[in-house]
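Structure file upload13.txt (compact mmCIF, C-alpha atoms and all ligand atoms) is printed below.
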# COMPACT_ATOMS: atom_id res chain seq x y z
CA MET R 5 27.45 -15.33 18.59
CA LYS R 6 29.09 -12.54 16.59
CA SER R 7 26.89 -9.48 16.57
CA ASN R 8 25.62 -8.00 13.34
CA LYS R 9 26.92 -4.43 12.98
CA ILE R 10 26.17 -2.24 9.99
CA VAL R 11 26.76 1.44 9.29
CA ILE R 12 24.91 3.10 6.44
CA LYS R 13 27.35 5.90 5.82
CA ASN R 14 26.97 9.38 4.34
CA GLY R 15 23.45 8.92 3.02
CA ASN R 16 20.84 11.67 2.90
CA ILE R 17 18.81 10.54 5.90
CA ILE R 18 15.12 11.33 5.66
CA ASP R 19 13.23 10.60 8.85
CA PRO R 20 9.99 12.59 8.87
CA SER R 21 9.20 11.66 12.48
CA SER R 22 12.23 13.54 13.78
CA GLY R 23 12.40 16.09 10.98
CA ILE R 24 15.86 14.92 9.90
CA ASN R 25 16.70 15.56 6.24
CA GLU R 26 20.47 15.61 6.37
CA VAL R 27 23.56 13.68 5.33
CA GLY R 28 24.74 11.31 8.01
CA ASP R 29 25.10 7.76 9.30
CA VAL R 30 22.62 5.18 10.49
CA VAL R 31 24.19 2.69 12.87
CA ILE R 32 22.66 -0.77 13.27
CA GLU R 33 23.43 -3.50 15.75
CA ASN R 34 21.66 -6.83 15.45
CA SER R 35 17.97 -6.10 14.79
CA TYR R 36 17.91 -2.48 15.97
CA ILE R 37 19.01 1.01 15.13
CA ILE R 38 21.45 2.08 17.82
CA ASP R 39 22.27 5.55 16.50
CA VAL R 40 21.34 8.09 13.87
CA LEU R 41 24.14 10.60 13.39
CA PRO R 42 23.47 13.58 11.11
CA LEU R 43 26.57 15.40 9.81
CA SER R 44 28.79 12.68 11.19
CA ASN R 45 32.59 12.36 10.92
CA GLU R 46 32.54 9.25 13.00
CA THR R 47 34.97 6.42 12.23
CA TYR R 48 33.94 2.86 12.95
CA SER R 49 35.81 -0.23 14.10
CA SER R 50 36.51 -3.01 11.61
CA ASP R 51 33.70 -5.22 12.90
CA TYR R 52 31.19 -2.87 11.24
CA LYS R 53 30.01 -3.61 7.75
CA ILE R 54 30.04 -0.23 6.02
CA ILE R 55 27.47 0.54 3.32
CA ASN R 56 28.48 3.64 1.40
CA ALA R 57 25.25 5.57 0.78
CA LYS R 58 26.77 8.76 -0.66
CA SER R 59 24.18 10.62 -2.78
CA MET R 60 21.51 8.09 -1.79
CA LEU R 61 18.37 8.65 0.25
CA VAL R 62 18.17 6.64 3.46
CA THR R 63 14.64 6.26 4.85
CA PRO R 64 12.71 4.00 7.21
CA GLY R 65 11.45 0.78 5.58
CA PHE R 66 8.10 1.35 3.93
CA ILE R 67 4.89 0.08 5.51
CA ASP R 68 1.96 -1.02 3.34
CA LEU R 69 -1.38 -1.30 5.11
CA HIS R 70 -3.15 -2.75 2.07
CA THR R 71 -1.51 -5.81 0.50
CA HIS R 72 -3.22 -8.82 -1.05
CA LEU R 73 -0.99 -11.87 -0.75
CA ARG R 74 -3.52 -14.38 -2.20
CA ASP R 75 -2.13 -17.03 0.14
CA PRO R 76 -3.82 -19.27 1.21
CA GLY R 77 -6.06 -20.30 -1.64
CA GLN R 78 -4.93 -18.50 -4.78
CA GLU R 79 -1.24 -19.28 -4.87
CA TRP R 80 -1.14 -19.09 -8.66
CA LYS R 81 -1.52 -15.31 -8.28
CA GLU R 82 0.93 -14.75 -5.40
CA THR R 83 2.29 -16.45 -2.30
CA ILE R 84 3.55 -15.21 1.04
CA ASN R 85 7.06 -15.72 -0.30
CA THR R 86 6.68 -14.05 -3.71
CA GLY R 87 4.56 -11.22 -2.29
CA SER R 88 7.10 -10.49 0.43
CA ARG R 89 9.96 -10.55 -2.11
CA SER R 90 8.03 -8.15 -4.27
CA ALA R 91 7.66 -5.96 -1.19
CA ALA R 92 11.38 -6.06 -0.39
CA LYS R 93 12.25 -5.11 -3.96
CA GLY R 94 9.89 -2.15 -3.63
CA GLY R 95 11.39 -0.99 -0.31
CA PHE R 96 8.59 -2.33 1.92
CA THR R 97 9.67 -3.99 5.15
CA THR R 98 6.16 -4.31 6.59
CA ILE R 99 3.11 -5.39 4.63
CA THR R 100 -0.33 -6.64 5.53
CA SER R 101 -2.30 -9.64 4.49
CA MET R 102 -5.80 -8.60 3.51
CA PRO R 103 -8.35 -11.16 4.64
CA ASN R 104 -9.92 -12.06 1.28
CA THR R 105 -7.89 -15.24 1.06
CA ILE R 106 -9.45 -18.69 0.64
CA PRO R 107 -10.38 -19.48 3.35
CA VAL R 108 -11.08 -15.98 4.63
CA LEU R 109 -9.06 -14.74 7.64
CA ASP R 110 -12.10 -14.96 9.89
CA ASN R 111 -11.00 -17.35 12.63
CA VAL R 112 -8.13 -17.87 15.01
CA ASN R 113 -6.78 -21.06 13.42
CA ILE R 114 -6.48 -19.58 9.97
CA VAL R 115 -4.95 -16.34 11.23
CA SER R 116 -2.50 -18.20 13.50
CA ASP R 117 -1.45 -20.41 10.61
CA LEU R 118 -0.92 -17.35 8.43
CA ILE R 119 1.19 -15.68 11.14
CA ASP R 120 3.35 -18.82 11.49
CA ARG R 121 3.81 -19.21 7.76
CA SER R 122 4.52 -15.50 7.34
CA LYS R 123 7.50 -15.95 9.68
CA SER R 124 8.86 -19.02 7.92
CA GLU R 125 7.98 -18.21 4.29
CA GLY R 126 8.01 -14.41 4.19
CA ILE R 127 11.09 -12.22 4.05
CA VAL R 128 9.49 -9.05 5.45
CA ARG R 129 7.14 -8.43 8.37
CA ILE R 130 3.59 -9.48 7.47
CA LEU R 131 0.71 -8.29 9.63
CA PRO R 132 -2.71 -9.89 9.20
CA ILE R 133 -5.98 -8.00 8.88
CA GLY R 134 -8.98 -10.02 10.06
CA SER R 135 -12.34 -10.05 8.35
CA ILE R 136 -15.20 -8.00 9.75
CA THR R 137 -17.77 -10.71 9.11
CA VAL R 138 -17.63 -14.48 8.88
CA GLY R 139 -16.63 -15.48 5.35
CA GLN R 140 -16.78 -11.77 4.39
CA LYS R 141 -20.47 -12.39 3.81
CA GLY R 142 -21.68 -9.34 5.71
CA LYS R 143 -24.05 -11.29 7.97
CA ASN R 144 -22.35 -12.34 11.20
CA ILE R 145 -19.50 -10.50 12.92
CA SER R 146 -16.21 -12.45 13.07
CA PRO R 147 -14.81 -13.35 16.49
CA MET R 148 -13.09 -9.96 16.62
CA ASN R 149 -11.87 -10.30 20.20
CA GLU R 150 -10.13 -13.58 19.52
CA LEU R 151 -8.68 -12.31 16.25
CA ALA R 152 -7.29 -9.28 18.05
CA GLU R 153 -5.71 -11.53 20.67
CA VAL R 154 -3.78 -13.49 18.04
CA GLY R 155 -2.55 -10.30 16.40
CA VAL R 156 -4.73 -8.85 13.64
CA ILE R 157 -4.10 -5.11 13.30
CA GLY R 158 -7.54 -4.17 11.97
CA PHE R 159 -10.65 -5.56 10.34
CA SER R 160 -11.86 -5.44 6.75
CA ASP R 161 -14.15 -7.32 4.38
CA ASP R 162 -12.08 -5.83 1.56
CA GLY R 163 -13.65 -6.23 -1.84
CA ASN R 164 -16.97 -6.97 -0.11
CA PRO R 165 -18.26 -3.82 1.54
CA VAL R 166 -20.37 -4.39 4.65
CA SER R 167 -23.70 -3.40 3.16
CA ASP R 168 -25.94 -3.72 6.25
CA PRO R 169 -25.50 -0.51 8.30
CA ASN R 170 -26.50 -2.31 11.47
CA ILE R 171 -23.73 -4.90 11.05
CA MET R 172 -21.28 -2.09 10.29
CA LYS R 173 -22.40 -0.25 13.43
CA GLN R 174 -21.88 -3.36 15.56
CA ALA R 175 -18.45 -3.95 14.05
CA LEU R 176 -17.45 -0.37 14.80
CA MET R 177 -18.59 -0.72 18.40
CA TYR R 178 -16.63 -3.94 18.93
CA SER R 179 -13.56 -2.50 17.24
CA LYS R 180 -13.71 0.53 19.50
CA ASP R 181 -13.35 -1.70 22.55
CA LEU R 182 -10.36 -3.33 20.90
CA SER R 183 -8.85 0.01 19.79
CA LEU R 184 -8.41 -1.35 16.27
CA PRO R 185 -9.57 0.26 13.02
CA ILE R 186 -12.35 -0.89 10.73
CA ILE R 187 -11.41 -0.65 7.06
CA ASN R 188 -14.56 -0.85 4.99
CA HIS R 189 -14.28 -1.16 1.22
CA ALA R 190 -15.92 2.12 0.20
CA GLU R 191 -18.36 1.00 -2.43
CA ASP R 192 -22.13 0.67 -2.43
CA LYS R 193 -22.58 -2.35 -4.68
CA ASN R 194 -26.26 -1.54 -5.26
CA ILE R 195 -25.39 1.55 -7.26
CA VAL R 196 -22.03 0.44 -8.68
CA GLY R 197 -23.53 -2.82 -9.94
CA LYS R 198 -21.32 -4.57 -12.46
CA GLY R 199 -19.59 -1.34 -13.46
CA LEU R 200 -16.32 -2.09 -15.21
CA MET R 201 -14.66 1.31 -15.03
CA ASN R 202 -15.39 4.87 -13.91
CA GLU R 203 -18.69 6.05 -15.38
CA GLY R 204 -18.13 9.02 -17.65
CA VAL R 205 -16.82 10.16 -21.02
CA VAL R 206 -14.29 7.34 -21.38
CA SER R 207 -16.68 4.52 -20.42
CA ASN R 208 -19.22 5.92 -22.88
CA ARG R 209 -16.70 6.14 -25.69
CA LEU R 210 -15.41 2.62 -25.05
CA GLY R 211 -18.91 1.22 -24.65
CA LEU R 212 -18.00 -0.21 -21.25
CA PHE R 213 -20.57 -0.38 -18.48
CA GLY R 214 -19.64 2.42 -16.08
CA ALA R 215 -19.57 2.28 -12.29
CA ASP R 216 -21.43 5.25 -10.81
CA PRO R 217 -18.82 7.08 -8.69
CA SER R 218 -21.48 7.95 -6.12
CA GLY R 219 -21.11 4.34 -4.94
CA GLU R 220 -17.91 5.45 -3.18
CA THR R 221 -19.24 8.65 -1.65
CA ILE R 222 -22.48 7.04 -0.45
CA MET R 223 -20.54 4.36 1.42
CA ILE R 224 -18.01 6.78 2.87
CA ALA R 225 -20.77 9.13 4.05
CA ARG R 226 -22.61 6.26 5.75
CA ASP R 227 -19.46 4.93 7.39
CA LEU R 228 -18.45 8.38 8.66
CA ILE R 229 -21.88 8.86 10.21
CA LEU R 230 -21.69 5.45 11.88
CA ALA R 231 -18.09 5.95 13.06
CA GLU R 232 -19.02 9.23 14.66
CA ARG R 233 -21.98 7.61 16.45
CA ALA R 234 -19.88 4.70 17.66
CA GLY R 235 -16.85 6.82 18.53
CA ALA R 236 -14.79 4.20 16.72
CA LYS R 237 -11.80 4.37 14.42
CA LEU R 238 -12.58 4.20 10.71
CA HIS R 239 -9.87 3.84 8.09
CA ILE R 240 -11.01 4.55 4.54
CA PRO R 241 -9.17 2.41 2.00
CA HIS R 242 -8.11 3.58 -1.48
CA ILE R 243 -9.99 6.90 -1.53
CA SER R 244 -10.33 8.05 -5.12
CA LEU R 245 -12.82 10.88 -5.61
CA SER R 246 -12.73 14.63 -5.02
CA ALA R 247 -16.20 14.38 -3.49
CA SER R 248 -14.93 11.80 -0.98
CA LEU R 249 -12.28 14.28 0.17
CA ILE R 250 -14.95 16.84 0.99
CA LEU R 251 -16.68 14.32 3.26
CA LEU R 252 -13.37 13.32 4.82
CA GLU R 253 -12.50 16.93 5.57
CA ILE R 254 -15.87 17.64 7.22
CA TYR R 255 -15.59 14.65 9.52
CA LYS R 256 -11.91 15.22 10.32
CA ASN R 257 -12.85 18.76 11.33
CA MET R 258 -15.47 17.26 13.63
CA ASP R 259 -12.69 15.26 15.30
CA VAL R 260 -14.11 11.94 14.20
CA ASN R 261 -11.43 9.26 14.43
CA VAL R 262 -11.00 8.74 10.70
CA THR R 263 -7.97 8.25 8.49
CA ALA R 264 -7.65 7.57 4.77
CA GLU R 265 -5.25 6.01 2.31
CA VAL R 266 -4.70 6.57 -1.40
CA THR R 267 -2.98 4.23 -3.85
CA PRO R 268 -0.08 5.23 -6.12
CA HIS R 269 -2.33 4.60 -9.15
CA HIS R 270 -5.15 6.84 -7.96
CA LEU R 271 -2.54 9.57 -7.43
CA THR R 272 -0.74 9.26 -10.73
CA LEU R 273 -3.09 7.62 -13.28
CA ASN R 274 -6.60 8.39 -14.47
CA GLU R 275 -9.42 6.82 -16.49
CA ASN R 276 -7.74 7.69 -19.79
CA TRP R 277 -5.24 4.90 -19.03
CA VAL R 278 -7.98 2.39 -19.87
CA TYR R 279 -7.42 3.39 -23.53
CA GLY R 280 -4.09 1.55 -23.28
CA LYS R 281 -2.01 4.50 -24.55
CA LYS R 282 -0.31 5.38 -21.24
CA GLY R 283 -2.82 8.10 -20.49
CA GLU R 284 -3.08 9.53 -24.02
CA VAL R 285 -6.54 9.88 -25.56
CA PRO R 286 -6.54 8.05 -28.91
CA ASP R 287 -8.12 9.42 -32.09
CA TYR R 288 -9.91 6.18 -32.77
CA ILE R 289 -10.84 3.07 -30.82
CA ASP R 290 -9.57 -0.39 -31.77
CA GLU R 291 -9.16 -3.70 -29.96
CA ASP R 292 -5.98 -2.45 -28.27
CA SER R 293 -7.95 0.36 -26.66
CA TYR R 294 -9.00 -1.76 -23.68
CA ASP R 295 -6.09 -2.15 -21.26
CA THR R 296 -7.15 -4.78 -18.74
CA ASN R 297 -4.08 -3.76 -16.70
CA ALA R 298 -5.89 -0.49 -16.01
CA LYS R 299 -8.86 -2.32 -14.48
CA VAL R 300 -8.83 -1.74 -10.75
CA ASN R 301 -11.37 -1.28 -7.99
CA PRO R 302 -12.07 1.52 -7.20
CA PRO R 303 -11.64 2.37 -10.88
CA LEU R 304 -9.17 4.94 -12.13
CA ARG R 305 -11.04 8.24 -11.94
CA THR R 306 -10.83 11.53 -13.81
CA LEU R 307 -7.72 13.66 -14.16
CA ASP R 308 -9.24 16.21 -11.76
CA ASP R 309 -9.89 13.53 -9.15
CA ALA R 310 -6.27 12.38 -9.41
CA LYS R 311 -5.02 15.95 -8.99
CA ASP R 312 -7.18 16.37 -5.90
CA MET R 313 -5.78 13.13 -4.47
CA VAL R 314 -2.26 14.56 -4.83
CA ASP R 315 -3.28 17.82 -3.12
CA GLY R 316 -5.14 15.89 -0.41
CA LEU R 317 -2.04 13.80 0.29
CA ALA R 318 0.28 16.80 0.17
CA GLU R 319 -1.72 18.71 2.77
CA GLY R 320 -2.23 15.66 4.99
CA LEU R 321 -5.98 15.36 4.55
CA ILE R 322 -5.26 11.93 3.10
CA ASP R 323 -3.02 10.33 5.71
CA ILE R 324 -1.07 7.67 3.90
CA ILE R 325 -0.18 5.89 0.69
CA ALA R 326 -1.16 2.21 0.54
CA THR R 327 -0.61 -0.01 -2.48
CA ASP R 328 -3.69 -2.23 -2.81
CA HIS R 329 -1.20 -4.63 -4.41
CA ALA R 330 -3.65 -7.05 -6.03
CA PRO R 331 -1.77 -9.53 -8.22
CA HIS R 332 -3.43 -11.72 -10.83
CA SER R 333 -2.13 -14.31 -13.25
CA GLU R 334 -1.60 -13.49 -16.90
CA LEU R 335 -4.71 -15.45 -17.91
CA GLU R 336 -6.89 -13.38 -15.62
CA LYS R 337 -5.81 -10.23 -17.45
CA LYS R 338 -5.25 -11.48 -21.02
CA CYS R 339 -8.96 -11.59 -21.77
CA SER R 340 -11.75 -9.15 -22.54
CA PHE R 341 -12.05 -6.06 -20.35
CA ALA R 342 -15.38 -7.33 -19.00
CA GLU R 343 -13.89 -10.70 -18.02
CA ALA R 344 -10.62 -9.36 -16.59
CA ALA R 345 -10.05 -9.39 -12.83
CA HIS R 346 -9.78 -6.11 -10.90
CA GLY R 347 -6.37 -5.26 -9.50
CA ILE R 348 -2.74 -4.65 -10.39
CA ASN R 349 0.77 -5.26 -9.13
CA VAL R 350 1.90 -2.20 -7.19
CA LEU R 351 4.59 -3.07 -4.61
CA GLU R 352 7.52 -2.94 -7.04
CA THR R 353 6.54 0.32 -8.74
CA ALA R 354 4.95 2.20 -5.83
CA PHE R 355 7.90 4.31 -4.74
CA SER R 356 8.98 5.37 -8.22
CA SER R 357 5.39 6.25 -9.16
CA VAL R 358 5.00 8.64 -6.27
CA PHE R 359 8.59 9.88 -6.45
CA ASP R 360 7.60 11.58 -9.71
CA LEU R 361 5.15 13.70 -7.68
CA PHE R 362 8.15 15.02 -5.79
CA LEU R 363 10.16 15.55 -8.96
CA ASN R 364 7.35 17.59 -10.50
CA LYS R 365 7.08 19.58 -7.25
CA SER R 366 3.53 18.50 -6.38
CA ILE R 367 4.49 17.14 -2.97
CA SER R 368 7.49 17.22 -0.64
CA ILE R 369 9.78 14.21 -0.28
CA ASN R 370 9.22 14.45 3.46
CA ARG R 371 5.48 13.99 3.05
CA ILE R 372 5.91 11.08 0.62
CA ILE R 373 8.22 9.24 3.00
CA GLU R 374 6.04 10.07 6.01
CA SER R 375 2.98 8.66 4.25
CA LEU R 376 4.87 5.42 3.59
CA THR R 377 6.51 5.04 7.02
CA SER R 378 5.79 6.84 10.30
CA LYS R 379 2.21 7.78 9.47
CA PRO R 380 0.93 4.27 8.72
CA ALA R 381 2.74 3.05 11.86
CA GLU R 382 1.09 5.79 13.91
CA ILE R 383 -2.45 5.35 12.67
CA PHE R 384 -2.38 1.56 13.05
CA ASN R 385 -0.49 1.74 16.33
CA LEU R 386 2.48 -0.32 15.13
CA HIS R 387 5.34 -0.25 17.58
CA LYS R 388 9.05 0.32 16.92
CA ILE R 389 8.71 0.60 13.14
CA GLY R 390 8.40 3.48 10.68
CA LYS R 391 11.14 5.68 12.13
CA LEU R 392 14.92 5.93 11.98
CA GLN R 393 15.39 6.29 15.69
CA LYS R 394 17.44 4.65 18.38
CA GLY R 395 15.68 1.55 19.70
CA TYR R 396 13.54 1.09 16.59
CA PHE R 397 13.77 -2.00 14.41
CA ALA R 398 16.49 -1.56 11.81
CA ASP R 399 14.07 -1.50 8.87
CA VAL R 400 15.83 0.76 6.39
CA VAL R 401 15.65 1.51 2.68
CA ILE R 402 18.42 2.97 0.55
CA ILE R 403 17.18 4.71 -2.59
CA ASP R 404 19.11 6.07 -5.56
CA PRO R 405 17.14 9.21 -6.46
CA LYS R 406 19.02 9.67 -9.76
CA ALA R 407 18.64 6.11 -11.05
CA LYS R 408 16.33 5.43 -13.98
CA TRP R 409 14.82 2.06 -14.78
CA LYS R 410 12.26 0.54 -17.10
CA VAL R 411 9.25 -1.48 -15.97
CA LYS R 412 9.81 -4.85 -17.64
CA GLU R 413 7.44 -7.78 -17.54
CA ASP R 414 10.21 -10.33 -16.89
CA GLN R 415 11.75 -8.38 -14.02
CA PHE R 416 8.94 -8.69 -11.52
CA VAL R 417 9.62 -10.94 -8.57
CA SER R 418 5.93 -11.03 -7.82
CA LYS R 419 4.09 -13.84 -9.60
CA SER R 420 2.18 -11.15 -11.42
CA SER R 421 3.38 -8.46 -13.75
CA ASN R 422 -0.02 -6.93 -14.44
CA THR R 423 0.51 -3.18 -14.39
CA PRO R 424 -0.38 -0.42 -16.83
CA LEU R 425 3.15 0.92 -16.29
CA LEU R 426 4.81 -1.82 -18.40
CA ASP R 427 7.67 -0.45 -20.54
CA LEU R 428 7.54 2.96 -18.90
CA ASP R 429 10.71 4.70 -17.69
CA MET R 430 10.75 5.29 -13.96
CA ASN R 431 12.78 7.60 -11.73
CA GLY R 432 14.29 6.67 -8.39
CA LYS R 433 15.23 3.10 -7.56
CA ILE R 434 15.33 1.00 -4.42
CA ILE R 435 18.95 -0.08 -4.02
CA CYS R 436 18.91 -1.84 -0.69
CA THR R 437 16.26 -3.05 1.77
CA ILE R 438 17.22 -3.93 5.32
CA SER R 439 14.71 -5.74 7.52
CA GLU R 440 15.37 -6.03 11.26
CA GLY R 441 19.08 -5.45 10.65
CA LYS R 442 19.38 -8.01 7.84
CA ILE R 443 20.21 -6.97 4.31
CA ILE R 444 17.48 -8.84 2.45
CA TYR R 445 17.80 -7.13 -0.94
CA LYS R 446 20.68 -5.19 -2.45
CA ASP R 447 21.72 -4.24 -5.99
CA ASN R 448 19.01 -6.36 -7.65
CA LYS R 449 19.87 -9.45 -5.58
CA PHE R 450 18.12 -11.15 -2.69
CA TYR R 451 20.08 -12.35 0.32
CA VAL R 452 17.37 -14.51 1.88
ZN ZN R 501 -7.91 -4.30 -1.59

Mind turning this structure into structure tokens?
Ligand SMILES: [Zn+2]
Amino acid sequence: MKSNKIVIKNGNIIDPSSGINEVGDVVIENSYIIDVLPLSNETYSSDYKIINAKSMLVTPGFIDLHTHLRDPGQEWKETINTGSRSAAKGGFTTITSMPNTIPVLDNVNIVSDLIDRSKSEGIVRILPIGSITVGQKGKNISPMNELAEVGVIGFSDDGNPVSDPNIMKQALMYSKDLSLPIINHAEDKNIVGKGLMNEGVVSNRLGLFGADPSGETIMIARDLILAERAGAKLHIPHISLSASLILLEIYKNMDVNVTAEVTPHHLTLNENWVYGKKGEVPDYIDEDSYDTNAKVNPPLRTLDDAKDMVDGLAEGLIDIIATDHAPHSELEKKCSFAEAAHGINVLETAFSSVFDLFLNKSISINRIIESLTSKPAEIFNLHKIGKLQKGYFADVVIIDPKAKWKVKEDQFVSKSSNTPLLDLDMNGKIICTISEGKIIYKDNKFYV
């Protein structure tokens, strides 16, 4: 069989793991990177397909540790195929499948079936996350050993926090033996109740029932205490509050095995976006003042919280960016704010959202790329991905840093287009996504 040879030529290679931020070539053969050549004048034989990446950024394929694919069970929202296409368009070559599918990913048969279907129906690498408890009901621990054997990369009852501390403690102890992280949705439902958005000035003005933010900090504090006791690895999903960062810092300084992720929306948006005026505070309230596309869980927080998330990510206190891509159908969002489902489409806008943080000098490009590539691979122990290095899978993204584009409802490849960013102008565009040496997406077209 003819071998697949590609050279990505003259791009600005950014590989945080090796500290490379230089113009050069990335050489691919079959599924792997065989060379990374900064400042290269190399010429290549005619059997190489040359991709001219002049004035482009060339980075490792992005890794998302928090993706909801809705498949099986809610295929009207998203499927393995549409979710993975959405990922490829956004530059992600590895995504996860959170376990809150129907049925829940709580047993070997369901997880094995998902793994098989991910290979045949998906176009990027999809790694399953198993549930912590059977049916995500918080009562009985899932068969964690067996789930680990078939390939889950961590455990979560996402959306349903494990409320019983004794169950959480047991789960942490089992996960320690398996060397896999527990990802507990950081929300104490008892205090958050049916809160619709962040409790504060905006919820008061809109007359919407507010979710007490201490629900997040209470749960994180409890989980940190339990993780320290168990000596287990805790990964905190979608951290969103300044107060949570204080707890995280204390426990990181105590050398507790804890990591945290933040979403693009908790970095770049805030509770004012619920007003539906792209973050502006309106003079008066009318029926358009309730943007259901700004309804997420955890809710968008204050401007100060968002600023602290950016600083936390910049300094490495928050380890990674994860999308919490949570697609819904139009009907589930075109309704009253109270009735609307939590969650938004993030995969296709994630990079451009956070790229603005680089453009406004809040965070280095190196740190942004690291938090989307080598860092998630490192903290979840994922092998041979997340770096542009010889012997690694040829998962590569080519980005045009100068390109501008508009978020348009009809241009999503995801089944959902629910995002508060609709009609906004974005900076930086994914031009090409290569997965295991195959060009799967290039110049707005899919090749698989
Ligand atoms: Zn989630």

Using the file's own x, y and z axes, so that the box edges lie along x, y and z, what centre and edge lengths in Å (one decimal) does a box around every listed atom of stretch 233-240 of chain R get when 3 Å is added on each side? Give it as AutoDock Vina command-line options.
--center_x -15.9 --center_y 5.7 --center_z 11.5 --size_x 18.1 --size_y 9.8 --size_z 20.0

For R:Glu79, list every protein, DNA or RNA residue within 12 Å, evaluated using all atoms listed in the file, and leave out those in the same chain fewer than 5 positions away; present the list as a ChimeraX atom specification.
-> /R:72-74,84-87,105-106,331-333,418-420

Judged by all atoms listed in the file, the minimum distance to ligand ZN 501 (chain R) among R:Leu238, R:Ile372, R:Val350, R:Val401 is found for R:Val350

What are the closest atom pairs, with distances in Å to one decimal, for each residue of chain R lying within 8 Å of ligand ZN 501 (chain R), using only C-alpha atoms and all ligand atoms, rows by chain and rising residue number, as CSV?
residue,atom,partner,partner_atom,distance
R:His70,CA,R:ZN501,ZN,6.2
R:Thr71,CA,R:ZN501,ZN,6.9
R:His72,CA,R:ZN501,ZN,6.5
R:Met102,CA,R:ZN501,ZN,7.0
R:Asp162,CA,R:ZN501,ZN,5.4
R:Gly163,CA,R:ZN501,ZN,6.1
R:His189,CA,R:ZN501,ZN,7.6
R:Pro241,CA,R:ZN501,ZN,7.7
R:His242,CA,R:ZN501,ZN,7.9
R:Asn301,CA,R:ZN501,ZN,7.9
R:Asp328,CA,R:ZN501,ZN,4.9
R:His329,CA,R:ZN501,ZN,7.3
R:Ala330,CA,R:ZN501,ZN,6.7

Among R:Ile127, R:Ala91, R:Ile24, R:Leu273, R:Glu440 is approached most closely, using all atoms listed in the file, by R:Ile127
